[in-house]
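Structure data (compact mmCIF, C-alpha atoms) from coords-v5.txt:
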```txt
# COMPACT_ATOMS: atom_id res chain seq x y z
CA MET A 1099 6.61 -98.04 -122.94
CA ASN A 1100 6.53 -101.63 -124.28
CA ALA A 1101 5.16 -102.71 -127.65
CA ARG A 1102 1.72 -103.60 -126.29
CA GLN A 1103 1.42 -100.20 -124.61
CA TRP A 1104 2.42 -98.39 -127.81
CA ILE A 1105 -0.25 -100.30 -129.74
CA ALA A 1106 -2.87 -99.39 -127.14
CA PHE A 1107 -1.77 -95.73 -127.25
CA GLY A 1108 -1.98 -95.67 -131.05
CA THR A 1109 -5.46 -97.18 -130.94
CA LEU A 1110 -6.58 -94.51 -128.46
CA CYS A 1111 -5.26 -91.72 -130.70
CA CYS A 1112 -7.15 -93.04 -133.70
CA ALA A 1113 -10.37 -93.56 -131.74
CA TRP A 1114 -10.25 -90.13 -130.08
CA PRO A 1115 -10.29 -87.36 -132.73
CA GLY A 1116 -7.96 -84.49 -131.99
CA PHE A 1117 -5.95 -86.44 -129.41
CA ALA A 1118 -2.83 -86.82 -131.55
CA LEU A 1119 -2.65 -83.10 -132.22
CA ALA A 1120 -3.69 -82.05 -128.75
CA MET A 1121 -2.11 -81.54 -125.36
CA CYS A 1122 -1.81 -77.87 -124.48
CA SER A 1123 1.63 -77.10 -123.06
CA ARG A 1124 0.23 -75.32 -119.99
CA PRO A 1125 -3.07 -74.41 -118.30
CA ILE A 1126 -5.11 -71.98 -120.40
CA LYS A 1127 -6.31 -68.78 -118.71
CA VAL A 1128 -9.90 -67.87 -119.58
CA PRO A 1129 -11.12 -64.87 -117.54
CA LEU A 1130 -14.92 -64.85 -117.42
CA ALA A 1131 -17.52 -62.23 -116.60
CA PRO A 1132 -21.19 -62.95 -115.84
CA HIS A 1133 -23.10 -63.35 -119.10
CA GLY A 1134 -26.61 -64.76 -118.72
CA MET A 1135 -26.71 -68.56 -118.62
CA THR A 1136 -23.50 -68.89 -120.59
CA VAL A 1137 -21.43 -67.67 -117.63
CA VAL A 1138 -22.92 -67.71 -114.13
CA VAL A 1139 -20.92 -66.71 -111.06
CA LYS A 1140 -21.69 -68.69 -107.90
CA ASN A 1141 -19.76 -68.10 -104.69
CA GLY A 1142 -17.03 -66.37 -106.67
CA ASN A 1143 -16.62 -69.27 -109.10
CA ALA A 1144 -17.56 -69.39 -112.78
CA ALA A 1145 -20.22 -71.90 -113.83
CA GLY A 1146 -22.64 -72.19 -116.74
CA VAL A 1147 -22.51 -73.31 -120.35
CA VAL A 1148 -19.09 -71.92 -121.27
CA PRO A 1149 -16.87 -73.28 -118.47
CA GLU A 1150 -18.71 -76.61 -118.55
CA MET A 1151 -18.20 -76.90 -122.30
CA LEU A 1152 -14.52 -75.96 -122.16
CA GLU A 1153 -13.88 -78.54 -119.47
CA VAL A 1154 -15.64 -81.27 -121.47
CA PHE A 1155 -13.68 -80.57 -124.64
CA GLY A 1156 -10.51 -79.74 -122.74
CA ASP A 1157 -10.49 -83.32 -121.44
CA LYS A 1158 -10.79 -84.54 -125.01
CA TYR A 1159 -8.08 -82.32 -126.47
CA GLY A 1160 -5.70 -82.46 -123.55
CA CYS A 1161 -6.13 -78.88 -122.31
CA LYS A 1162 -6.78 -77.60 -118.81
CA PHE A 1163 -8.54 -74.28 -118.23
CA GLY A 1164 -8.62 -71.77 -115.40
CA PHE A 1165 -11.59 -69.40 -115.05
CA PRO A 1166 -10.80 -66.29 -112.98
CA VAL A 1167 -13.92 -64.14 -112.53
CA VAL A 1168 -13.51 -60.49 -113.59
CA PRO A 1169 -15.73 -57.56 -114.67
CA ARG A 1170 -16.38 -57.48 -118.41
CA ALA A 1171 -14.41 -54.27 -118.96
CA ARG A 1172 -11.39 -55.75 -117.16
CA LEU A 1173 -11.65 -58.88 -119.28
CA GLU A 1174 -11.14 -56.80 -122.41
CA MET A 1175 -8.15 -55.06 -120.86
CA LEU A 1176 -6.57 -58.38 -119.83
CA PHE A 1177 -6.81 -59.65 -123.39
CA ARG A 1178 -5.26 -56.50 -124.84
CA THR A 1179 -2.40 -56.49 -122.34
CA GLY A 1180 -1.57 -60.15 -122.76
CA ASP A 1181 -2.99 -61.48 -119.48
CA ALA A 1182 -5.73 -63.66 -120.97
CA ASP A 1183 -5.41 -66.61 -123.34
CA ILE A 1184 -9.04 -66.76 -124.48
CA VAL A 1185 -11.98 -64.36 -124.55
CA ALA A 1186 -15.26 -66.26 -124.48
CA ILE A 1187 -18.60 -65.25 -126.03
CA ALA A 1188 -17.00 -62.49 -128.05
CA THR A 1189 -17.92 -60.75 -131.27
CA ARG A 1190 -15.38 -59.84 -133.89
CA SER A 1191 -13.82 -56.39 -133.71
CA PRO A 1192 -10.74 -54.71 -135.21
CA GLU A 1193 -9.34 -54.07 -131.71
CA ARG A 1194 -9.56 -57.73 -130.69
CA ASP A 1195 -8.11 -58.85 -134.03
CA LEU A 1196 -4.85 -57.16 -133.02
CA SER A 1197 -4.47 -59.53 -130.08
CA GLY A 1198 -6.06 -62.78 -131.18
CA THR A 1199 -7.60 -65.10 -133.74
CA PHE A 1200 -11.39 -65.06 -133.91
CA VAL A 1201 -13.09 -68.49 -133.94
CA PRO A 1202 -16.81 -68.25 -134.85
CA VAL A 1203 -19.08 -70.74 -133.06
CA PHE A 1204 -22.62 -69.43 -133.52
CA LYS A 1205 -24.62 -66.51 -134.92
CA TYR A 1206 -26.46 -64.06 -132.73
CA ARG A 1207 -28.53 -60.90 -133.07
CA ALA A 1208 -28.72 -57.94 -130.71
CA VAL A 1209 -32.04 -56.10 -130.50
CA LEU A 1210 -33.43 -52.89 -129.04
CA LEU A 1211 -35.07 -53.42 -125.64
CA GLY A 1212 -37.18 -51.06 -123.57
CA LEU A 1213 -40.20 -51.10 -121.27
CA LYS A 1214 -43.71 -51.41 -122.67
CA PRO A 1215 -45.41 -49.33 -123.82
CA THR A 1216 -42.71 -47.67 -125.86
CA ASN A 1217 -42.98 -44.77 -128.26
CA THR A 1218 -39.69 -45.75 -129.85
CA VAL A 1219 -40.19 -46.44 -133.54
CA ALA A 1220 -36.51 -46.73 -134.40
CA GLN A 1221 -35.74 -49.26 -137.10
CA SER A 1222 -31.99 -48.75 -136.91
CA VAL A 1223 -29.25 -47.40 -134.67
CA ASP A 1224 -29.15 -44.29 -136.84
CA GLU A 1225 -32.82 -43.64 -136.09
CA LEU A 1226 -32.28 -44.35 -132.40
CA ILE A 1227 -29.58 -41.70 -132.28
CA LYS A 1228 -32.09 -39.18 -133.64
CA HIS A 1229 -34.38 -39.83 -130.66
CA THR A 1230 -32.41 -37.42 -128.51
CA ASP A 1231 -34.83 -37.72 -125.59
CA LEU A 1232 -34.00 -41.40 -125.01
CA ARG A 1233 -31.44 -42.42 -122.41
CA ILE A 1234 -29.41 -45.38 -123.62
CA GLY A 1235 -27.94 -47.93 -121.22
CA LEU A 1236 -25.02 -50.13 -122.25
CA VAL A 1237 -22.57 -52.50 -120.59
CA ARG A 1238 -18.99 -51.31 -120.90
CA GLY A 1239 -16.92 -53.72 -122.98
CA PHE A 1240 -19.79 -55.11 -125.08
CA ASP A 1241 -19.53 -54.77 -128.85
CA TYR A 1242 -22.23 -55.67 -131.38
CA GLY A 1243 -20.67 -54.40 -134.57
CA PRO A 1244 -20.01 -51.15 -136.47
CA ALA A 1245 -23.50 -49.65 -136.07
CA TYR A 1246 -23.44 -50.32 -132.30
CA ARG A 1247 -20.03 -48.65 -132.00
CA ARG A 1248 -21.59 -45.36 -133.07
CA LEU A 1249 -23.18 -45.26 -129.61
CA LEU A 1250 -19.71 -45.46 -128.05
CA GLU A 1251 -18.38 -42.35 -129.81
CA PRO A 1252 -17.55 -39.24 -127.73
CA ASP A 1253 -20.46 -37.21 -129.11
CA MET A 1254 -22.88 -39.73 -127.54
CA ALA A 1255 -21.39 -39.41 -124.04
CA GLY A 1256 -24.22 -37.19 -122.80
CA ARG A 1257 -26.89 -39.75 -123.69
CA VAL A 1258 -25.20 -43.07 -122.96
CA GLN A 1259 -24.81 -44.46 -119.45
CA TYR A 1260 -22.59 -47.45 -118.73
CA ALA A 1261 -23.65 -50.28 -116.43
CA ASN A 1262 -21.19 -52.51 -114.60
CA ASP A 1263 -22.82 -55.73 -115.81
CA LEU A 1264 -26.05 -57.13 -117.20
CA SER A 1265 -27.84 -57.16 -113.84
CA ASP A 1266 -26.97 -53.51 -113.30
CA LEU A 1267 -28.15 -52.69 -116.82
CA MET A 1268 -31.51 -54.45 -116.48
CA ARG A 1269 -32.15 -52.85 -113.09
CA ARG A 1270 -31.60 -49.45 -114.73
CA ILE A 1271 -34.23 -50.34 -117.34
CA GLN A 1272 -36.60 -51.60 -114.63
CA ALA A 1273 -36.16 -48.41 -112.57
CA LYS A 1274 -36.53 -46.23 -115.71
CA ILE A 1275 -33.07 -44.75 -115.16
CA ALA A 1276 -32.32 -45.83 -118.74
CA ASP A 1277 -35.01 -45.97 -121.42
CA VAL A 1278 -33.55 -48.50 -123.86
CA THR A 1279 -30.62 -50.81 -124.36
CA ILE A 1280 -29.22 -53.00 -127.12
CA LEU A 1281 -28.23 -56.59 -126.47
CA PRO A 1282 -29.23 -60.16 -127.41
CA TYR A 1283 -32.64 -60.89 -125.91
CA SER A 1284 -31.49 -64.18 -124.39
CA SER A 1285 -28.87 -62.25 -122.37
CA ALA A 1286 -31.60 -60.03 -120.93
CA TYR A 1287 -33.89 -63.00 -120.27
CA ASN A 1288 -31.17 -65.04 -118.55
CA THR A 1289 -30.19 -62.10 -116.37
CA ILE A 1290 -33.79 -61.56 -115.29
CA VAL A 1291 -34.21 -65.25 -114.43
CA GLU A 1292 -31.01 -65.25 -112.35
CA ASP A 1293 -31.71 -62.01 -110.43
CA ALA A 1294 -34.73 -62.14 -108.10
CA ARG A 1295 -34.87 -58.33 -108.03
CA LEU A 1296 -35.82 -58.42 -111.73
CA SER A 1297 -38.66 -60.92 -111.40
CA GLY A 1298 -41.36 -60.38 -114.04
CA LEU A 1299 -39.38 -57.81 -116.02
CA ASP A 1300 -39.19 -60.04 -119.13
CA ALA A 1301 -42.98 -59.73 -119.64
CA LYS A 1302 -42.68 -55.93 -119.61
CA LEU A 1303 -39.98 -55.66 -122.29
CA ALA A 1304 -40.63 -54.44 -125.83
CA ILE A 1305 -38.33 -56.10 -128.39
CA SER A 1306 -37.42 -54.39 -131.68
CA PRO A 1307 -34.92 -55.78 -134.24
CA LEU A 1308 -32.74 -53.10 -135.85
CA GLU A 1309 -31.93 -53.11 -139.55
CA ASP A 1310 -28.27 -52.23 -139.08
CA LEU A 1311 -27.73 -54.91 -136.43
CA PRO A 1312 -28.17 -58.12 -138.46
CA TRP A 1313 -27.21 -61.65 -137.46
CA GLN A 1314 -23.49 -61.73 -136.70
CA ASP A 1315 -20.80 -64.27 -135.85
CA ALA A 1316 -19.83 -64.79 -132.22
CA GLY A 1317 -17.48 -67.19 -130.53
CA PHE A 1318 -14.02 -67.07 -128.99
CA TYR A 1319 -10.78 -65.15 -129.38
CA VAL A 1320 -7.56 -67.14 -129.02
CA SER A 1321 -4.60 -64.98 -128.05
CA LYS A 1322 -1.70 -64.54 -130.46
CA ARG A 1323 0.33 -62.83 -127.76
CA THR A 1324 0.25 -65.24 -124.84
CA LEU A 1325 0.06 -68.64 -126.54
CA ASN A 1326 2.72 -70.45 -128.54
CA PRO A 1327 1.74 -71.50 -132.10
CA ALA A 1328 1.13 -75.14 -131.12
CA ASP A 1329 -1.28 -74.21 -128.32
CA GLN A 1330 -3.06 -71.75 -130.60
CA ALA A 1331 -3.53 -74.48 -133.20
CA VAL A 1332 -4.98 -76.93 -130.67
CA LEU A 1333 -7.43 -74.38 -129.26
CA ILE A 1334 -8.52 -73.08 -132.66
CA GLU A 1335 -9.14 -76.65 -133.84
CA MET A 1336 -11.11 -77.47 -130.70
CA LEU A 1337 -13.24 -74.32 -130.57
CA GLY A 1338 -13.89 -74.34 -134.30
CA SER A 1339 -15.10 -77.94 -134.36
CA ASP A 1340 -18.70 -78.69 -135.28
CA GLU A 1341 -18.99 -80.61 -132.00
CA VAL A 1342 -18.40 -77.47 -129.96
CA GLY A 1343 -21.03 -75.49 -131.88
CA LYS A 1344 -23.63 -78.21 -131.48
CA HIS A 1345 -22.79 -78.71 -127.81
CA PHE A 1346 -23.12 -74.97 -127.15
CA LEU A 1347 -26.58 -74.66 -128.70
CA LYS A 1348 -27.80 -77.91 -127.16
CA SER A 1349 -26.74 -76.71 -123.70
CA LEU A 1350 -28.47 -73.36 -124.20
CA SER A 1351 -31.66 -75.04 -125.44
CA LYS A 1352 -31.96 -76.82 -122.08
CA LEU A 1353 -31.92 -73.51 -120.22
CA ILE A 1354 -33.68 -71.03 -122.49
CA PRO A 1355 -37.23 -71.31 -123.92
CA PRO A 1356 -37.22 -71.91 -127.71
CA ALA A 1357 -39.07 -68.65 -128.42
CA VAL A 1358 -36.38 -66.68 -126.57
CA LEU A 1359 -33.46 -68.61 -128.02
CA GLY A 1360 -34.81 -68.27 -131.55
CA LEU A 1361 -34.76 -64.47 -131.28
CA THR A 1362 -31.09 -64.45 -130.39
CA VAL A 1363 -28.98 -67.45 -131.39
CA LYS A 1364 -28.64 -69.87 -134.27
CA ARG A 1365 -25.92 -72.18 -135.53
CA SER A 1366 -25.59 -70.82 -139.08
```

Kindly present the structure from the file in structure tokens form.
Amino acid sequence: MNARQWIAFGTLCCAWPGFALAMCSRPIKVPLAPHGMTVVVKNGNAAGVVPEMLEVFGDKYGCKFGFPVVPRARLEMLFRTGDADIVAIATRSPERDLSGTFVPVFKYRAVLLGLKPTNTVAQSVDELIKHTDLRIGLVRGFDYGPAYRRLLEPDMAGRVQYANDLSDLMRRIQAKIADVTILPYSSAYNTIVEDARLSGLDAKLAISPLEDLPWQDAGFYVSKRTLNPADQAVLIEMLGSDEVGKHFLKSLSKLIPPAVLGLTVKRS
């Protein structure tokens, strides 16, 4: 590289934040499962807010991403066994902390959902557990904090049924196979919009915030097992940037009505 080329390269590095520190050493593996508008699977390929955002910022930071499509439960297993570099749209948990570094991007809130009219007056997960007549539907692999994890304990096995994905879960609610579920309302709304079989279900849902499921951090996990320290640093810097957080919420706001988004997601 001649002197003029070096000067041009130096100018580019200064003008393009993150460039000098960037350049992942290899393609980054990001298995994705359907998740509302954030991850949409079309013809076996991942689309939606998350892959689009990672590609945009990957170009900026010098990282290439691959997006194999997998069931949510398998995604968790891949991360634990060292076969995934990033878990997207994840909440923090002690189990995931063993395998990766959590990078918060936004705050979200999970709520209690069921069909109207509902006799459920639960104000918390503890109260919900006392309603022993209610059948609870959950998606395997989802985690919304310590209170939610009480529903995953062995003594709840007789009352909890596990769906394969969000579409399966919402069809169970629609068919009254499950009475209630807990998840961010935007995830339910997005799933209903994407699945013609669920048309009109959003207007029939009762929404109840739960005291022991407050606003929580969500974002990405960057693997400590599969990535070298330099790649980890690049990805943590990229995902933790204010630009990524703003881009994520701006993209969602184009797809989700403000009243729905406001019930589920905020920047801080």

### Task
Tell me, in Å to one decimal, how far CA of Arg1233 (chain A) is from CA of Leu1211 (chain A).
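So the answer is 12.0 Å.
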
### Test item: residues at most 12 Å from Leu1250 (chain A), only C-alpha atoms, excluding those fewer than 2 positions along its chain, as an MDAnalysis selection string
chainID A and resid 1223 1227 1234:1248 1252:1260

### Message
Just the number, please: distance in Å from CA of Ser1197 (chain A) to CA of Ile1334 (chain A), one decimal.
### Response
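Interatomic distance, CA of Ser1197 (chain A) to CA of Ile1334 (chain A): 14.4 Å.
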
### Between CA of Lys1348 (chain A) and CA of Ala1331 (chain A), distance in Å (one decimal)
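So the answer is 25.2 Å.
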
What are the closest atom pairs, with distances in Å to one decimal, for all residues of region 1119-1177 of chain A lying within 12 Å of region 1265-1287 of chain A? Consider only C-alpha atoms, order rows by chain and residue number, and present the result as a Markdown table.
```
| residue | atom | partner | partner_atom | distance |
| --- | --- | --- | --- | --- |
| A:Ala1131 | CA | A:Ser1265 | CA | 11.8 |
| A:Pro1132 | CA | A:Ser1265 | CA | 9.0 |
| A:His1133 | CA | A:Ser1285 | CA | 6.7 |
| A:Gly1134 | CA | A:Ser1285 | CA | 5.0 |
| A:Met1135 | CA | A:Ser1285 | CA | 7.7 |
| A:Thr1136 | CA | A:Ser1285 | CA | 8.7 |
| A:Val1137 | CA | A:Ser1285 | CA | 10.4 |
| A:Val1138 | CA | A:Ser1285 | CA | 11.5 |
```

### Message
From the options A:Leu1196, A:Ala1144, A:Leu1232, A:Cys1161, which residue's atoms come nearest to Thr1179 (chain A), counting all atoms listed in the file?
### Response
A:Leu1196

### Closest of A:Val1128, A:Val1201, A:Ala1208, A:Leu1264 to Leu1152 (chain A) - atom-to-atom distances counting only C-alpha atoms
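The shortest atom-to-atom distance to Leu1152 (chain A) comes from A:Val1128.
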
Find the nearest atom pair between each residue of region 1188-1264 of chain A and region 1291-1306 of chain A for residues within 6 Å, count only C-alpha atoms, give distances in Å to one decimal, sort rows by chain and ascending number, and present the table as JSON lines.
```
{"residue": "A:Val1209", "atom": "CA", "partner": "A:Ser1306", "partner_atom": "CA", "distance": 5.8}
{"residue": "A:Leu1210", "atom": "CA", "partner": "A:Ser1306", "partner_atom": "CA", "distance": 5.0}
{"residue": "A:Leu1211", "atom": "CA", "partner": "A:Ile1305", "partner_atom": "CA", "distance": 5.0}
{"residue": "A:Gly1212", "atom": "CA", "partner": "A:Ala1304", "partner_atom": "CA", "distance": 5.3}
{"residue": "A:Leu1213", "atom": "CA", "partner": "A:Leu1303", "partner_atom": "CA", "distance": 4.7}
{"residue": "A:Lys1214", "atom": "CA", "partner": "A:Ala1304", "partner_atom": "CA", "distance": 5.4}
```

Residues near Lys1322 (chain A), anyone? I mean within 8 Å using only C-alpha atoms, not counting same-chain ones fewer than 6 positions away, as a PDB file with C-alpha atoms, in the frame of the given file.
```pdb
ATOM      1  CA  SER A1197      -4.470 -59.530-130.080  1.00  0.00           C
ATOM      2  CA  GLY A1198      -6.060 -62.780-131.180  1.00  0.00           C
ATOM      3  CA  THR A1199      -7.600 -65.100-133.740  1.00  0.00           C
ATOM      4  CA  GLN A1330      -3.060 -71.750-130.600  1.00  0.00           C
TER       5      GLN A1330
END
```

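Among the candidates A:Asp1329, A:Ser1321, A:Val1203, A:Lys1140, the one nearest to Arg1365 (chain A) when counting all atoms listed in the file is A:Val1203.
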
### Query
So which residues touch Ser1349 (chain A) within 10 Å, counting only C-alpha atoms, skipping near sequence neighbours fewer than 5 positions away, as a PyMOL selection string?
chain A and resi 1135-1136+1146-1148+1150-1151+1344+1354

Once N, CA, C and O atoms are restored for region 1153-1170 of chain A, what would the output be as a compact mmCIF listing (two decimals), in the coordinates of the input?
```txt
# COMPACT_ATOMS: atom_id res chain seq x y z
N GLU A 1153 -14.43 -77.42 -120.24
CA GLU A 1153 -13.88 -78.54 -119.47
C GLU A 1153 -14.13 -79.87 -120.17
O GLU A 1153 -13.25 -80.73 -120.22
N VAL A 1154 -15.32 -80.04 -120.75
CA VAL A 1154 -15.64 -81.27 -121.47
C VAL A 1154 -14.69 -81.47 -122.65
O VAL A 1154 -14.09 -82.53 -122.82
N PHE A 1155 -14.53 -80.43 -123.46
CA PHE A 1155 -13.68 -80.57 -124.64
C PHE A 1155 -12.20 -80.44 -124.31
O PHE A 1155 -11.35 -80.95 -125.03
N GLY A 1156 -11.89 -79.78 -123.20
CA GLY A 1156 -10.51 -79.74 -122.74
C GLY A 1156 -10.02 -81.14 -122.39
O GLY A 1156 -8.88 -81.51 -122.70
N ASP A 1157 -10.86 -81.94 -121.75
CA ASP A 1157 -10.49 -83.32 -121.44
C ASP A 1157 -10.20 -84.10 -122.72
O ASP A 1157 -9.29 -84.92 -122.77
N LYS A 1158 -10.96 -83.83 -123.74
CA LYS A 1158 -10.79 -84.54 -125.01
C LYS A 1158 -9.53 -84.12 -125.74
O LYS A 1158 -8.82 -84.96 -126.31
N TYR A 1159 -9.23 -82.84 -125.71
CA TYR A 1159 -8.08 -82.32 -126.47
C TYR A 1159 -6.81 -82.19 -125.64
O TYR A 1159 -5.79 -81.74 -126.14
N GLY A 1160 -6.90 -82.51 -124.38
CA GLY A 1160 -5.70 -82.46 -123.55
C GLY A 1160 -5.35 -81.07 -123.06
O GLY A 1160 -4.18 -80.73 -122.93
N CYS A 1161 -6.36 -80.25 -122.77
CA CYS A 1161 -6.13 -78.88 -122.31
C CYS A 1161 -6.86 -78.65 -120.99
O CYS A 1161 -8.01 -79.07 -120.82
N LYS A 1162 -6.19 -77.98 -120.07
CA LYS A 1162 -6.78 -77.60 -118.81
C LYS A 1162 -7.03 -76.09 -118.81
O LYS A 1162 -6.20 -75.32 -119.31
N PHE A 1163 -8.16 -75.69 -118.22
CA PHE A 1163 -8.54 -74.28 -118.23
C PHE A 1163 -8.72 -73.75 -116.81
O PHE A 1163 -9.18 -74.46 -115.92
N GLY A 1164 -8.34 -72.48 -116.63
CA GLY A 1164 -8.62 -71.77 -115.40
C GLY A 1164 -9.58 -70.64 -115.71
O GLY A 1164 -9.48 -70.00 -116.76
N PHE A 1165 -10.53 -70.37 -114.79
CA PHE A 1165 -11.59 -69.40 -115.05
C PHE A 1165 -11.65 -68.31 -113.98
O PHE A 1165 -12.60 -68.28 -113.17
N PRO A 1166 -10.69 -67.40 -113.93
CA PRO A 1166 -10.80 -66.29 -112.98
C PRO A 1166 -12.01 -65.42 -113.34
O PRO A 1166 -12.29 -65.18 -114.51
N VAL A 1167 -12.73 -64.96 -112.32
CA VAL A 1167 -13.92 -64.14 -112.53
C VAL A 1167 -13.52 -62.67 -112.47
O VAL A 1167 -12.90 -62.23 -111.50
N VAL A 1168 -13.87 -61.90 -113.51
CA VAL A 1168 -13.51 -60.49 -113.59
C VAL A 1168 -14.68 -59.71 -114.18
O VAL A 1168 -15.55 -60.27 -114.84
N PRO A 1169 -14.74 -58.38 -113.97
CA PRO A 1169 -15.73 -57.56 -114.67
C PRO A 1169 -15.46 -57.59 -116.16
O PRO A 1169 -14.32 -57.77 -116.60
N ARG A 1170 -16.52 -57.39 -116.96
CA ARG A 1170 -16.38 -57.48 -118.41
C ARG A 1170 -15.34 -56.49 -118.95
O ARG A 1170 -14.52 -56.83 -119.80
```
